[in-house]
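The file data_2.cif comes next; it holds mmCIF, C-alpha atoms; chains and numbers go by the auth columns.
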```
data_start
loop_
_atom_site.group_PDB
_atom_site.id
_atom_site.type_symbol
_atom_site.label_atom_id
_atom_site.label_comp_id
_atom_site.label_asym_id
_atom_site.label_seq_id
_atom_site.Cartn_x
_atom_site.Cartn_y
_atom_site.Cartn_z
_atom_site.B_iso_or_equiv
_atom_site.auth_seq_id
_atom_site.auth_asym_id
ATOM 1 C CA MET A 1 -50.726 8.692 -49.667 0.00 1 A
ATOM 2 C CA THR A 2 -49.324 6.208 -47.225 0.00 2 A
ATOM 3 C CA LEU A 3 -47.567 3.144 -48.456 0.00 3 A
ATOM 4 C CA LEU A 4 -48.754 -0.058 -46.900 0.00 4 A
ATOM 5 C CA PRO A 5 -46.438 -3.020 -46.502 0.00 5 A
ATOM 6 C CA ALA A 6 -47.062 -5.780 -49.024 0.00 6 A
ATOM 7 C CA HIS A 7 -48.611 -8.103 -46.489 0.00 7 A
ATOM 8 C CA ALA A 8 -51.338 -5.546 -45.717 0.00 8 A
ATOM 9 C CA PHE A 9 -52.565 -5.832 -49.300 0.00 9 A
ATOM 10 C CA ALA A 10 -52.667 -9.591 -49.147 0.00 10 A
ATOM 11 C CA GLN A 11 -54.414 -9.411 -45.806 0.00 11 A
ATOM 12 C CA ALA A 12 -57.047 -7.055 -47.188 0.00 12 A
ATOM 13 C CA ALA A 13 -57.580 -9.322 -50.171 0.00 13 A
ATOM 14 C CA ALA A 14 -57.900 -12.288 -47.858 0.00 14 A
ATOM 15 C CA ASP A 15 -60.455 -10.506 -45.723 0.00 15 A
ATOM 16 C CA ALA A 16 -62.465 -9.472 -48.764 0.00 16 A
ATOM 17 C CA GLU A 17 -62.609 -13.097 -49.849 0.00 17 A
ATOM 18 C CA MET A 18 -63.335 -14.440 -46.396 0.00 18 A
ATOM 19 C CA VAL A 19 -65.318 -17.586 -46.041 0.00 19 A
ATOM 20 C CA GLY A 20 -67.586 -15.789 -43.553 0.00 20 A
ATOM 21 C CA THR A 21 -70.493 -17.467 -41.827 0.00 21 A
ATOM 22 C CA PRO A 22 -73.304 -19.683 -43.151 0.00 22 A
ATOM 23 C CA ASP A 23 -75.804 -16.808 -42.786 0.00 23 A
ATOM 24 C CA GLU A 24 -73.620 -14.481 -44.841 0.00 24 A
ATOM 25 C CA PHE A 25 -73.278 -17.054 -47.609 0.00 25 A
ATOM 26 C CA LEU A 26 -76.992 -17.870 -47.723 0.00 26 A
ATOM 27 C CA ALA A 27 -77.999 -14.184 -47.481 0.00 27 A
ATOM 28 C CA GLY A 28 -81.550 -15.037 -46.466 0.00 28 A
ATOM 29 C CA ALA A 29 -82.020 -17.954 -48.848 0.00 29 A
ATOM 30 C CA SER A 30 -82.804 -21.351 -47.413 0.00 30 A
ATOM 31 C CA ALA A 31 -80.803 -24.496 -48.066 0.00 31 A
ATOM 32 C CA SER A 32 -82.371 -27.884 -48.608 0.00 32 A
ATOM 33 C CA GLU A 33 -80.909 -31.246 -47.674 0.00 33 A
ATOM 34 C CA GLY A 34 -79.564 -33.779 -50.142 0.00 34 A
ATOM 35 C CA GLY A 35 -77.367 -33.490 -53.198 0.00 35 A
ATOM 36 C CA LEU A 36 -74.303 -32.739 -51.121 0.00 36 A
ATOM 37 C CA ASP A 37 -72.093 -35.336 -49.493 0.00 37 A
ATOM 38 C CA LEU A 38 -69.944 -34.220 -46.593 0.00 38 A
ATOM 39 C CA THR A 39 -67.505 -36.841 -45.381 0.00 39 A
ATOM 40 C CA ALA A 40 -65.939 -36.392 -41.964 0.00 40 A
ATOM 41 C CA PRO A 41 -64.880 -38.853 -39.275 0.00 41 A
ATOM 42 C CA GLU A 42 -67.277 -39.479 -36.386 0.00 42 A
ATOM 43 C CA ILE A 43 -64.408 -39.323 -33.928 0.00 43 A
ATOM 44 C CA ALA A 44 -61.206 -37.386 -34.536 0.00 44 A
ATOM 45 C CA GLU A 45 -58.440 -38.060 -32.053 0.00 45 A
ATOM 46 C CA ASN A 46 -56.438 -35.024 -33.107 0.00 46 A
ATOM 47 C CA GLY A 47 -58.326 -31.813 -33.849 0.00 47 A
ATOM 48 C CA ASN A 48 -55.287 -30.361 -35.580 0.00 48 A
ATOM 49 C CA THR A 49 -55.820 -32.361 -38.715 0.00 49 A
ATOM 50 C CA VAL A 50 -59.245 -33.763 -39.454 0.00 50 A
ATOM 51 C CA PRO A 51 -59.744 -35.128 -42.977 0.00 51 A
ATOM 52 C CA ILE A 52 -62.929 -33.992 -44.678 0.00 52 A
ATOM 53 C CA SER A 53 -64.273 -34.120 -48.197 0.00 53 A
ATOM 54 C CA VAL A 54 -67.219 -32.621 -50.023 0.00 54 A
ATOM 55 C CA ASP A 55 -68.944 -33.960 -53.108 0.00 55 A
ATOM 56 C CA ALA A 56 -71.700 -31.871 -54.657 0.00 56 A
ATOM 57 C CA PRO A 57 -72.568 -32.747 -58.272 0.00 57 A
ATOM 58 C CA GLY A 58 -73.665 -29.603 -60.113 0.00 58 A
ATOM 59 C CA ALA A 59 -72.342 -27.145 -57.566 0.00 59 A
ATOM 60 C CA VAL A 60 -70.430 -24.014 -58.552 0.00 60 A
ATOM 61 C CA GLU A 61 -69.220 -23.238 -55.047 0.00 61 A
ATOM 62 C CA VAL A 62 -69.010 -25.142 -51.777 0.00 62 A
ATOM 63 C CA ARG A 63 -68.215 -23.574 -48.433 0.00 63 A
ATOM 64 C CA VAL A 64 -67.260 -25.458 -45.295 0.00 64 A
ATOM 65 C CA TYR A 65 -67.870 -24.219 -41.762 0.00 65 A
ATOM 66 C CA ALA A 66 -66.771 -25.477 -38.366 0.00 66 A
ATOM 67 C CA LEU A 67 -69.541 -24.052 -36.214 0.00 67 A
ATOM 68 C CA GLY A 68 -67.680 -24.460 -32.909 0.00 68 A
ATOM 69 C CA ASN A 69 -64.392 -22.821 -33.932 0.00 69 A
ATOM 70 C CA PRO A 70 -63.423 -19.262 -32.878 0.00 70 A
ATOM 71 C CA THR A 71 -64.150 -18.270 -36.479 0.00 71 A
ATOM 72 C CA PRO A 72 -66.534 -20.616 -38.267 0.00 72 A
ATOM 73 C CA GLY A 73 -65.181 -20.256 -41.825 0.00 73 A
ATOM 74 C CA VAL A 74 -62.961 -23.085 -43.018 0.00 74 A
ATOM 75 C CA ALA A 75 -62.755 -22.947 -46.802 0.00 75 A
ATOM 76 C CA THR A 76 -64.480 -21.931 -50.007 0.00 76 A
ATOM 77 C CA PHE A 77 -64.128 -24.192 -53.034 0.00 77 A
ATOM 78 C CA ARG A 78 -65.012 -22.705 -56.428 0.00 78 A
ATOM 79 C CA PHE A 79 -65.118 -25.147 -59.293 0.00 79 A
ATOM 80 C CA GLY A 80 -63.870 -23.975 -62.680 0.00 80 A
ATOM 81 C CA PRO A 81 -64.813 -25.143 -66.192 0.00 81 A
ATOM 82 C CA LEU A 82 -62.217 -27.919 -66.120 0.00 82 A
ATOM 83 C CA SER A 83 -63.106 -29.439 -62.780 0.00 83 A
ATOM 84 C CA GLY A 84 -63.696 -33.140 -63.305 0.00 84 A
ATOM 85 C CA ALA A 85 -66.191 -33.470 -60.484 0.00 85 A
ATOM 86 C CA GLN A 86 -67.421 -31.102 -57.828 0.00 86 A
ATOM 87 C CA PHE A 87 -65.327 -32.962 -55.315 0.00 87 A
ATOM 88 C CA ALA A 88 -62.597 -31.774 -52.994 0.00 88 A
ATOM 89 C CA SER A 89 -60.833 -33.149 -49.985 0.00 89 A
ATOM 90 C CA THR A 90 -58.644 -31.431 -47.407 0.00 90 A
ATOM 91 C CA ARG A 91 -57.635 -31.443 -43.744 0.00 91 A
ATOM 92 C CA ILE A 92 -59.011 -29.009 -41.211 0.00 92 A
ATOM 93 C CA ARG A 93 -58.614 -27.876 -37.600 0.00 93 A
ATOM 94 C CA LEU A 94 -61.391 -28.309 -35.074 0.00 94 A
ATOM 95 C CA ALA A 95 -61.235 -26.617 -31.669 0.00 95 A
ATOM 96 C CA GLY A 96 -63.390 -29.291 -30.061 0.00 96 A
ATOM 97 C CA THR A 97 -66.382 -31.556 -30.541 0.00 97 A
ATOM 98 C CA GLN A 98 -68.745 -29.713 -32.858 0.00 98 A
ATOM 99 C CA ASP A 99 -70.852 -29.678 -35.998 0.00 99 A
ATOM 100 C CA VAL A 100 -69.187 -29.261 -39.370 0.00 100 A
ATOM 101 C CA GLN A 101 -71.455 -27.822 -42.030 0.00 101 A
ATOM 102 C CA ALA A 102 -71.057 -27.650 -45.782 0.00 102 A
ATOM 103 C CA ILE A 103 -73.215 -25.478 -48.023 0.00 103 A
ATOM 104 C CA ALA A 104 -73.181 -25.798 -51.789 0.00 104 A
ATOM 105 C CA LYS A 105 -74.416 -23.202 -54.245 0.00 105 A
ATOM 106 C CA MET A 106 -75.819 -24.928 -57.298 0.00 106 A
ATOM 107 C CA ALA A 107 -75.594 -23.714 -60.897 0.00 107 A
ATOM 108 C CA ASP A 108 -79.267 -22.641 -60.748 0.00 108 A
ATOM 109 C CA GLY A 109 -78.643 -20.492 -57.655 0.00 109 A
ATOM 110 C CA SER A 110 -80.238 -22.788 -55.103 0.00 110 A
ATOM 111 C CA TYR A 111 -78.454 -23.991 -51.975 0.00 111 A
ATOM 112 C CA VAL A 112 -78.057 -27.402 -50.419 0.00 112 A
ATOM 113 C CA THR A 113 -76.459 -28.197 -47.102 0.00 113 A
ATOM 114 C CA ALA A 114 -75.116 -31.117 -45.101 0.00 114 A
ATOM 115 C CA MET A 115 -73.977 -31.379 -41.509 0.00 115 A
ATOM 116 C CA LYS A 116 -71.791 -33.825 -39.596 0.00 116 A
ATOM 117 C CA THR A 117 -70.974 -33.965 -35.899 0.00 117 A
ATOM 118 C CA VAL A 118 -67.326 -34.684 -35.180 0.00 118 A
ATOM 119 C CA LYS A 119 -66.139 -35.722 -31.724 0.00 119 A
ATOM 120 C CA VAL A 120 -62.693 -34.302 -31.039 0.00 120 A
ATOM 121 C CA THR A 121 -60.464 -35.786 -28.348 0.00 121 A
ATOM 122 C CA ILE A 122 -57.695 -33.151 -28.459 0.00 122 A
ATOM 123 C CA GLY A 123 -58.634 -29.684 -29.698 0.00 123 A
ATOM 124 C CA GLY A 124 -56.780 -28.078 -32.578 0.00 124 A
ATOM 125 C CA CYS A 125 -56.529 -24.433 -31.634 0.00 125 A
ATOM 126 C CA GLY A 126 -53.672 -24.582 -29.165 0.00 126 A
ATOM 127 C CA GLY A 127 -55.965 -23.271 -26.366 0.00 127 A
ATOM 128 C CA MET B 1 -42.471 -15.051 -42.589 0.00 128 B
ATOM 129 C CA ALA B 2 -42.925 -18.557 -43.713 0.00 129 B
ATOM 130 C CA SER B 3 -39.740 -20.409 -44.462 0.00 130 B
ATOM 131 C CA GLY B 4 -39.056 -23.745 -46.066 0.00 131 B
ATOM 132 C CA VAL B 5 -42.241 -23.663 -48.074 0.00 132 B
ATOM 133 C CA LYS B 6 -42.203 -26.528 -50.527 0.00 133 B
ATOM 134 C CA PRO B 7 -45.109 -27.396 -52.806 0.00 134 B
ATOM 135 C CA ARG B 8 -45.664 -30.979 -53.869 0.00 135 B
ATOM 136 C CA VAL B 9 -48.191 -32.140 -56.429 0.00 136 B
ATOM 137 C CA LYS B 10 -49.132 -35.529 -57.770 0.00 137 B
ATOM 138 C CA VAL B 11 -50.500 -35.616 -61.308 0.00 138 B
ATOM 139 C CA PRO B 12 -50.568 -38.638 -63.643 0.00 139 B
ATOM 140 C CA LYS B 13 -48.040 -38.332 -66.506 0.00 140 B
ATOM 141 C CA SER B 14 -50.532 -39.230 -69.179 0.00 141 B
ATOM 142 C CA ALA B 15 -54.262 -39.609 -69.704 0.00 142 B
ATOM 143 C CA SER B 16 -56.772 -40.088 -72.507 0.00 143 B
ATOM 144 C CA ALA B 17 -58.548 -37.050 -73.937 0.00 144 B
ATOM 145 C CA GLY B 18 -61.567 -36.160 -71.824 0.00 145 B
ATOM 146 C CA ASP B 19 -60.397 -38.249 -68.890 0.00 146 B
ATOM 147 C CA VAL B 20 -61.089 -37.150 -65.348 0.00 147 B
ATOM 148 C CA ILE B 21 -57.984 -37.439 -63.214 0.00 148 B
ATOM 149 C CA THR B 22 -57.364 -37.065 -59.498 0.00 149 B
ATOM 150 C CA ILE B 23 -54.806 -34.500 -58.396 0.00 150 B
ATOM 151 C CA LYS B 24 -53.248 -34.362 -54.943 0.00 151 B
ATOM 152 C CA THR B 25 -51.367 -31.356 -53.655 0.00 152 B
ATOM 153 C CA LEU B 26 -49.502 -30.635 -50.460 0.00 153 B
ATOM 154 C CA ILE B 27 -47.537 -27.563 -49.483 0.00 154 B
ATOM 155 C CA SER B 28 -45.426 -27.321 -46.358 0.00 155 B
ATOM 156 C CA HIS B 29 -46.510 -24.242 -44.445 0.00 156 B
ATOM 157 C CA PRO B 30 -47.116 -23.621 -40.728 0.00 157 B
ATOM 158 C CA MET B 31 -50.562 -22.018 -41.269 0.00 158 B
ATOM 159 C CA GLU B 32 -50.249 -20.001 -38.053 0.00 159 B
ATOM 160 C CA SER B 33 -53.882 -19.399 -37.142 0.00 160 B
ATOM 161 C CA GLY B 34 -53.548 -16.171 -35.186 0.00 161 B
ATOM 162 C CA GLN B 35 -55.404 -17.849 -32.302 0.00 162 B
ATOM 163 C CA ARG B 36 -52.414 -19.313 -30.496 0.00 163 B
ATOM 164 C CA LYS B 37 -50.442 -17.604 -27.743 0.00 164 B
ATOM 165 C CA ASP B 38 -46.742 -17.926 -26.996 0.00 165 B
ATOM 166 C CA SER B 39 -45.323 -18.818 -23.576 0.00 166 B
ATOM 167 C CA SER B 40 -45.560 -15.211 -22.347 0.00 167 B
ATOM 168 C CA GLY B 41 -49.197 -14.907 -23.369 0.00 168 B
ATOM 169 C CA ASN B 42 -48.787 -12.800 -26.508 0.00 169 B
ATOM 170 C CA THR B 43 -50.875 -13.736 -29.489 0.00 170 B
ATOM 171 C CA ILE B 44 -48.796 -15.188 -32.314 0.00 171 B
ATOM 172 C CA GLN B 45 -49.512 -13.255 -35.497 0.00 172 B
ATOM 173 C CA ARG B 46 -51.565 -14.958 -38.155 0.00 173 B
ATOM 174 C CA SER B 47 -49.622 -16.249 -41.131 0.00 174 B
ATOM 175 C CA ILE B 48 -51.456 -18.516 -43.513 0.00 175 B
ATOM 176 C CA ILE B 49 -51.843 -19.342 -47.163 0.00 176 B
ATOM 177 C CA TRP B 50 -55.193 -17.789 -47.972 0.00 177 B
ATOM 178 C CA ARG B 51 -55.782 -18.896 -51.537 0.00 178 B
ATOM 179 C CA PHE B 52 -54.956 -21.839 -53.759 0.00 179 B
ATOM 180 C CA THR B 53 -55.733 -22.177 -57.440 0.00 180 B
ATOM 181 C CA CYS B 54 -55.211 -24.819 -60.086 0.00 181 B
ATOM 182 C CA ASP B 55 -55.410 -24.026 -63.811 0.00 182 B
ATOM 183 C CA PHE B 56 -54.957 -26.154 -66.885 0.00 183 B
ATOM 184 C CA ASN B 57 -53.839 -24.327 -70.057 0.00 184 B
ATOM 185 C CA ASP B 58 -55.159 -21.082 -68.509 0.00 185 B
ATOM 186 C CA GLN B 59 -58.586 -22.548 -67.754 0.00 186 B
ATOM 187 C CA ASN B 60 -59.551 -22.777 -64.119 0.00 187 B
ATOM 188 C CA VAL B 61 -59.973 -26.137 -62.430 0.00 188 B
ATOM 189 C CA ILE B 62 -60.467 -25.123 -58.813 0.00 189 B
ATOM 190 C CA ASP B 63 -60.093 -21.970 -56.751 0.00 190 B
ATOM 191 C CA VAL B 64 -59.992 -22.357 -52.981 0.00 191 B
ATOM 192 C CA VAL B 65 -60.127 -19.704 -50.268 0.00 192 B
ATOM 193 C CA LEU B 66 -58.477 -20.930 -47.081 0.00 193 B
ATOM 194 C CA ALA B 67 -59.346 -19.802 -43.569 0.00 194 B
ATOM 195 C CA PRO B 68 -57.045 -20.321 -40.553 0.00 195 B
ATOM 196 C CA ALA B 69 -58.989 -23.521 -39.826 0.00 196 B
ATOM 197 C CA ILE B 70 -57.121 -25.319 -42.606 0.00 197 B
ATOM 198 C CA SER B 71 -54.454 -27.567 -41.070 0.00 198 B
ATOM 199 C CA THR B 72 -50.708 -27.077 -41.138 0.00 199 B
ATOM 200 C CA ASN B 73 -49.255 -28.172 -44.496 0.00 200 B
ATOM 201 C CA PRO B 74 -52.479 -27.636 -46.483 0.00 201 B
ATOM 202 C CA TYR B 75 -53.475 -30.699 -48.458 0.00 202 B
ATOM 203 C CA PHE B 76 -55.984 -30.775 -51.284 0.00 203 B
ATOM 204 C CA GLU B 77 -57.323 -33.559 -53.418 0.00 204 B
ATOM 205 C CA PHE B 78 -59.649 -32.835 -56.338 0.00 205 B
ATOM 206 C CA GLU B 79 -60.537 -33.932 -59.844 0.00 206 B
ATOM 207 C CA ALA B 80 -59.797 -32.350 -63.194 0.00 207 B
ATOM 208 C CA GLN B 81 -60.772 -32.920 -66.802 0.00 208 B
ATOM 209 C CA VAL B 82 -58.004 -33.288 -69.344 0.00 209 B
ATOM 210 C CA PRO B 83 -59.235 -32.250 -72.817 0.00 210 B
ATOM 211 C CA GLU B 84 -55.772 -32.113 -74.409 0.00 211 B
ATOM 212 C CA SER B 85 -52.061 -32.231 -73.655 0.00 212 B
ATOM 213 C CA GLY B 86 -50.883 -29.341 -71.583 0.00 213 B
ATOM 214 C CA GLU B 87 -49.744 -28.079 -68.272 0.00 214 B
ATOM 215 C CA PHE B 88 -51.357 -27.837 -64.882 0.00 215 B
ATOM 216 C CA LYS B 89 -50.358 -24.738 -62.980 0.00 216 B
ATOM 217 C CA PHE B 90 -50.708 -24.646 -59.205 0.00 217 B
ATOM 218 C CA THR B 91 -50.518 -21.383 -57.283 0.00 218 B
ATOM 219 C CA TRP B 92 -50.570 -20.685 -53.549 0.00 219 B
ATOM 220 C CA TYR B 93 -50.932 -17.152 -52.142 0.00 220 B
ATOM 221 C CA ASP B 94 -49.395 -16.363 -48.757 0.00 221 B
ATOM 222 C CA ASP B 95 -50.632 -13.702 -46.302 0.00 222 B
ATOM 223 C CA ASP B 96 -47.221 -12.031 -46.484 0.00 223 B
ATOM 224 C CA GLY B 97 -47.605 -11.434 -50.223 0.00 224 B
ATOM 225 C CA ASP B 98 -45.470 -14.348 -51.343 0.00 225 B
ATOM 226 C CA VAL B 99 -46.759 -16.499 -54.178 0.00 226 B
ATOM 227 C CA TYR B 100 -45.598 -20.074 -54.568 0.00 227 B
ATOM 228 C CA ASP B 101 -46.205 -21.938 -57.788 0.00 228 B
ATOM 229 C CA THR B 102 -45.363 -25.134 -59.515 0.00 229 B
ATOM 230 C CA SER B 103 -46.527 -26.834 -62.686 0.00 230 B
ATOM 231 C CA LYS B 104 -46.874 -30.325 -64.089 0.00 231 B
ATOM 232 C CA LYS B 105 -47.167 -31.417 -67.712 0.00 232 B
ATOM 233 C CA ILE B 106 -49.547 -34.099 -68.859 0.00 233 B
ATOM 234 C CA SER B 107 -49.705 -35.731 -72.283 0.00 234 B
ATOM 235 C CA VAL B 108 -52.823 -37.119 -73.905 0.00 235 B
#
```

Exercise: express the given structure as structure tokens:
Amino acid sequence: MTLLPAHAFAQAAADAEMVGTPDEFLAGASASEGGLDLTAPEIAENGNTVPISVDAPGAVEVRVYALGNPTPGVATFRFGPLSGAQFASTRIRLAGTQDVQAIAKMADGSYVTAMKTVKVTIGGCGG
Amino acid sequence: MASGVKPRVKVPKSASAGDVITIKTLISHPMESGQRKDSSGNTIQRSIIWRFTCDFNDQNVIDVVLAPAISTNPYFEFEAQVPESGEFKFTWYDDDGDVYDTSKKISV
């Protein structure tokens, strides 16, 4: 048995929990519009830190994708029993002007989605 | 290796039972995406925090998986229910196996 360095375990765990792509998350199901609010600026001067927030009443899980990034996955939010609202806000990197998509999985197993186009003046991937 | 990692959280000191409160968290971390190249053209190895969780009295509030597209110094704002007095526990998991945590008490 070979011993892996500690970071290899964390890396494997991270990859197993990857945010993936919208198609992987939906797994063939279709997502309807409405019931999910995605807030993002119309124009972001600095793609290194773009504030976004998602609000999806009744969702158990929300995933955020930046469709024009080298890897589209941005984050997965899972809401536990003590979450006050299915709301979360964070800051993300965008490589350039692109669509940001959020998909929420509802408690009944259905999906809803929302999309926003963000214009980026300076890209955030250090090209 | 990430150095100088410092978590900061903002939680109200007190609330009424059943209240929904807003929590803000920030942790200083470079979140090296693994996409950038150094001056000689070599890819800089990825080094990010890949997971963040918040629990209250051992019950989960939120569990976030982070991709490299999360900005440097990951910031999160979210809402939590407070059924009773207790302690919020915040945990960040680094790619290199390090775990950073901090906690905040709240009284009802």

Mind giving me the straight-line distance from atom CA of Ala107 of chain A to atom CA of Asp185 of chain B in Å, one decimal? 22.0 Å

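With all atoms listed in the file as the atoms that count, the residue of B:Asp182, B:Glu204, B:Asp190, B:Asp223 with the shortest distance to Arg91 of chain A is B:Glu204.
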
Rank nothing, just name the residue among A:Ser53, A:Thr21, A:Asn46, A:Ser83 nearest to chain B, using only C-alpha atoms.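 Under the stated criterion, the closest residue is A:Ser83.
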
So which residues are close to (-51.6, -20.0, -40.3), meaning at most 6 Å away in the file's coordinates with only C-alpha atoms counted, and can you show them as a ChimeraX atom specification? /B:157-160,173-175,195

Of the residues A:Thr117, A:Ser110, A:Ser32, A:Ser89, which is the one nearest to chain B, using all atoms listed in the file?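 Smallest separation from chain B among the options: A:Ser89.
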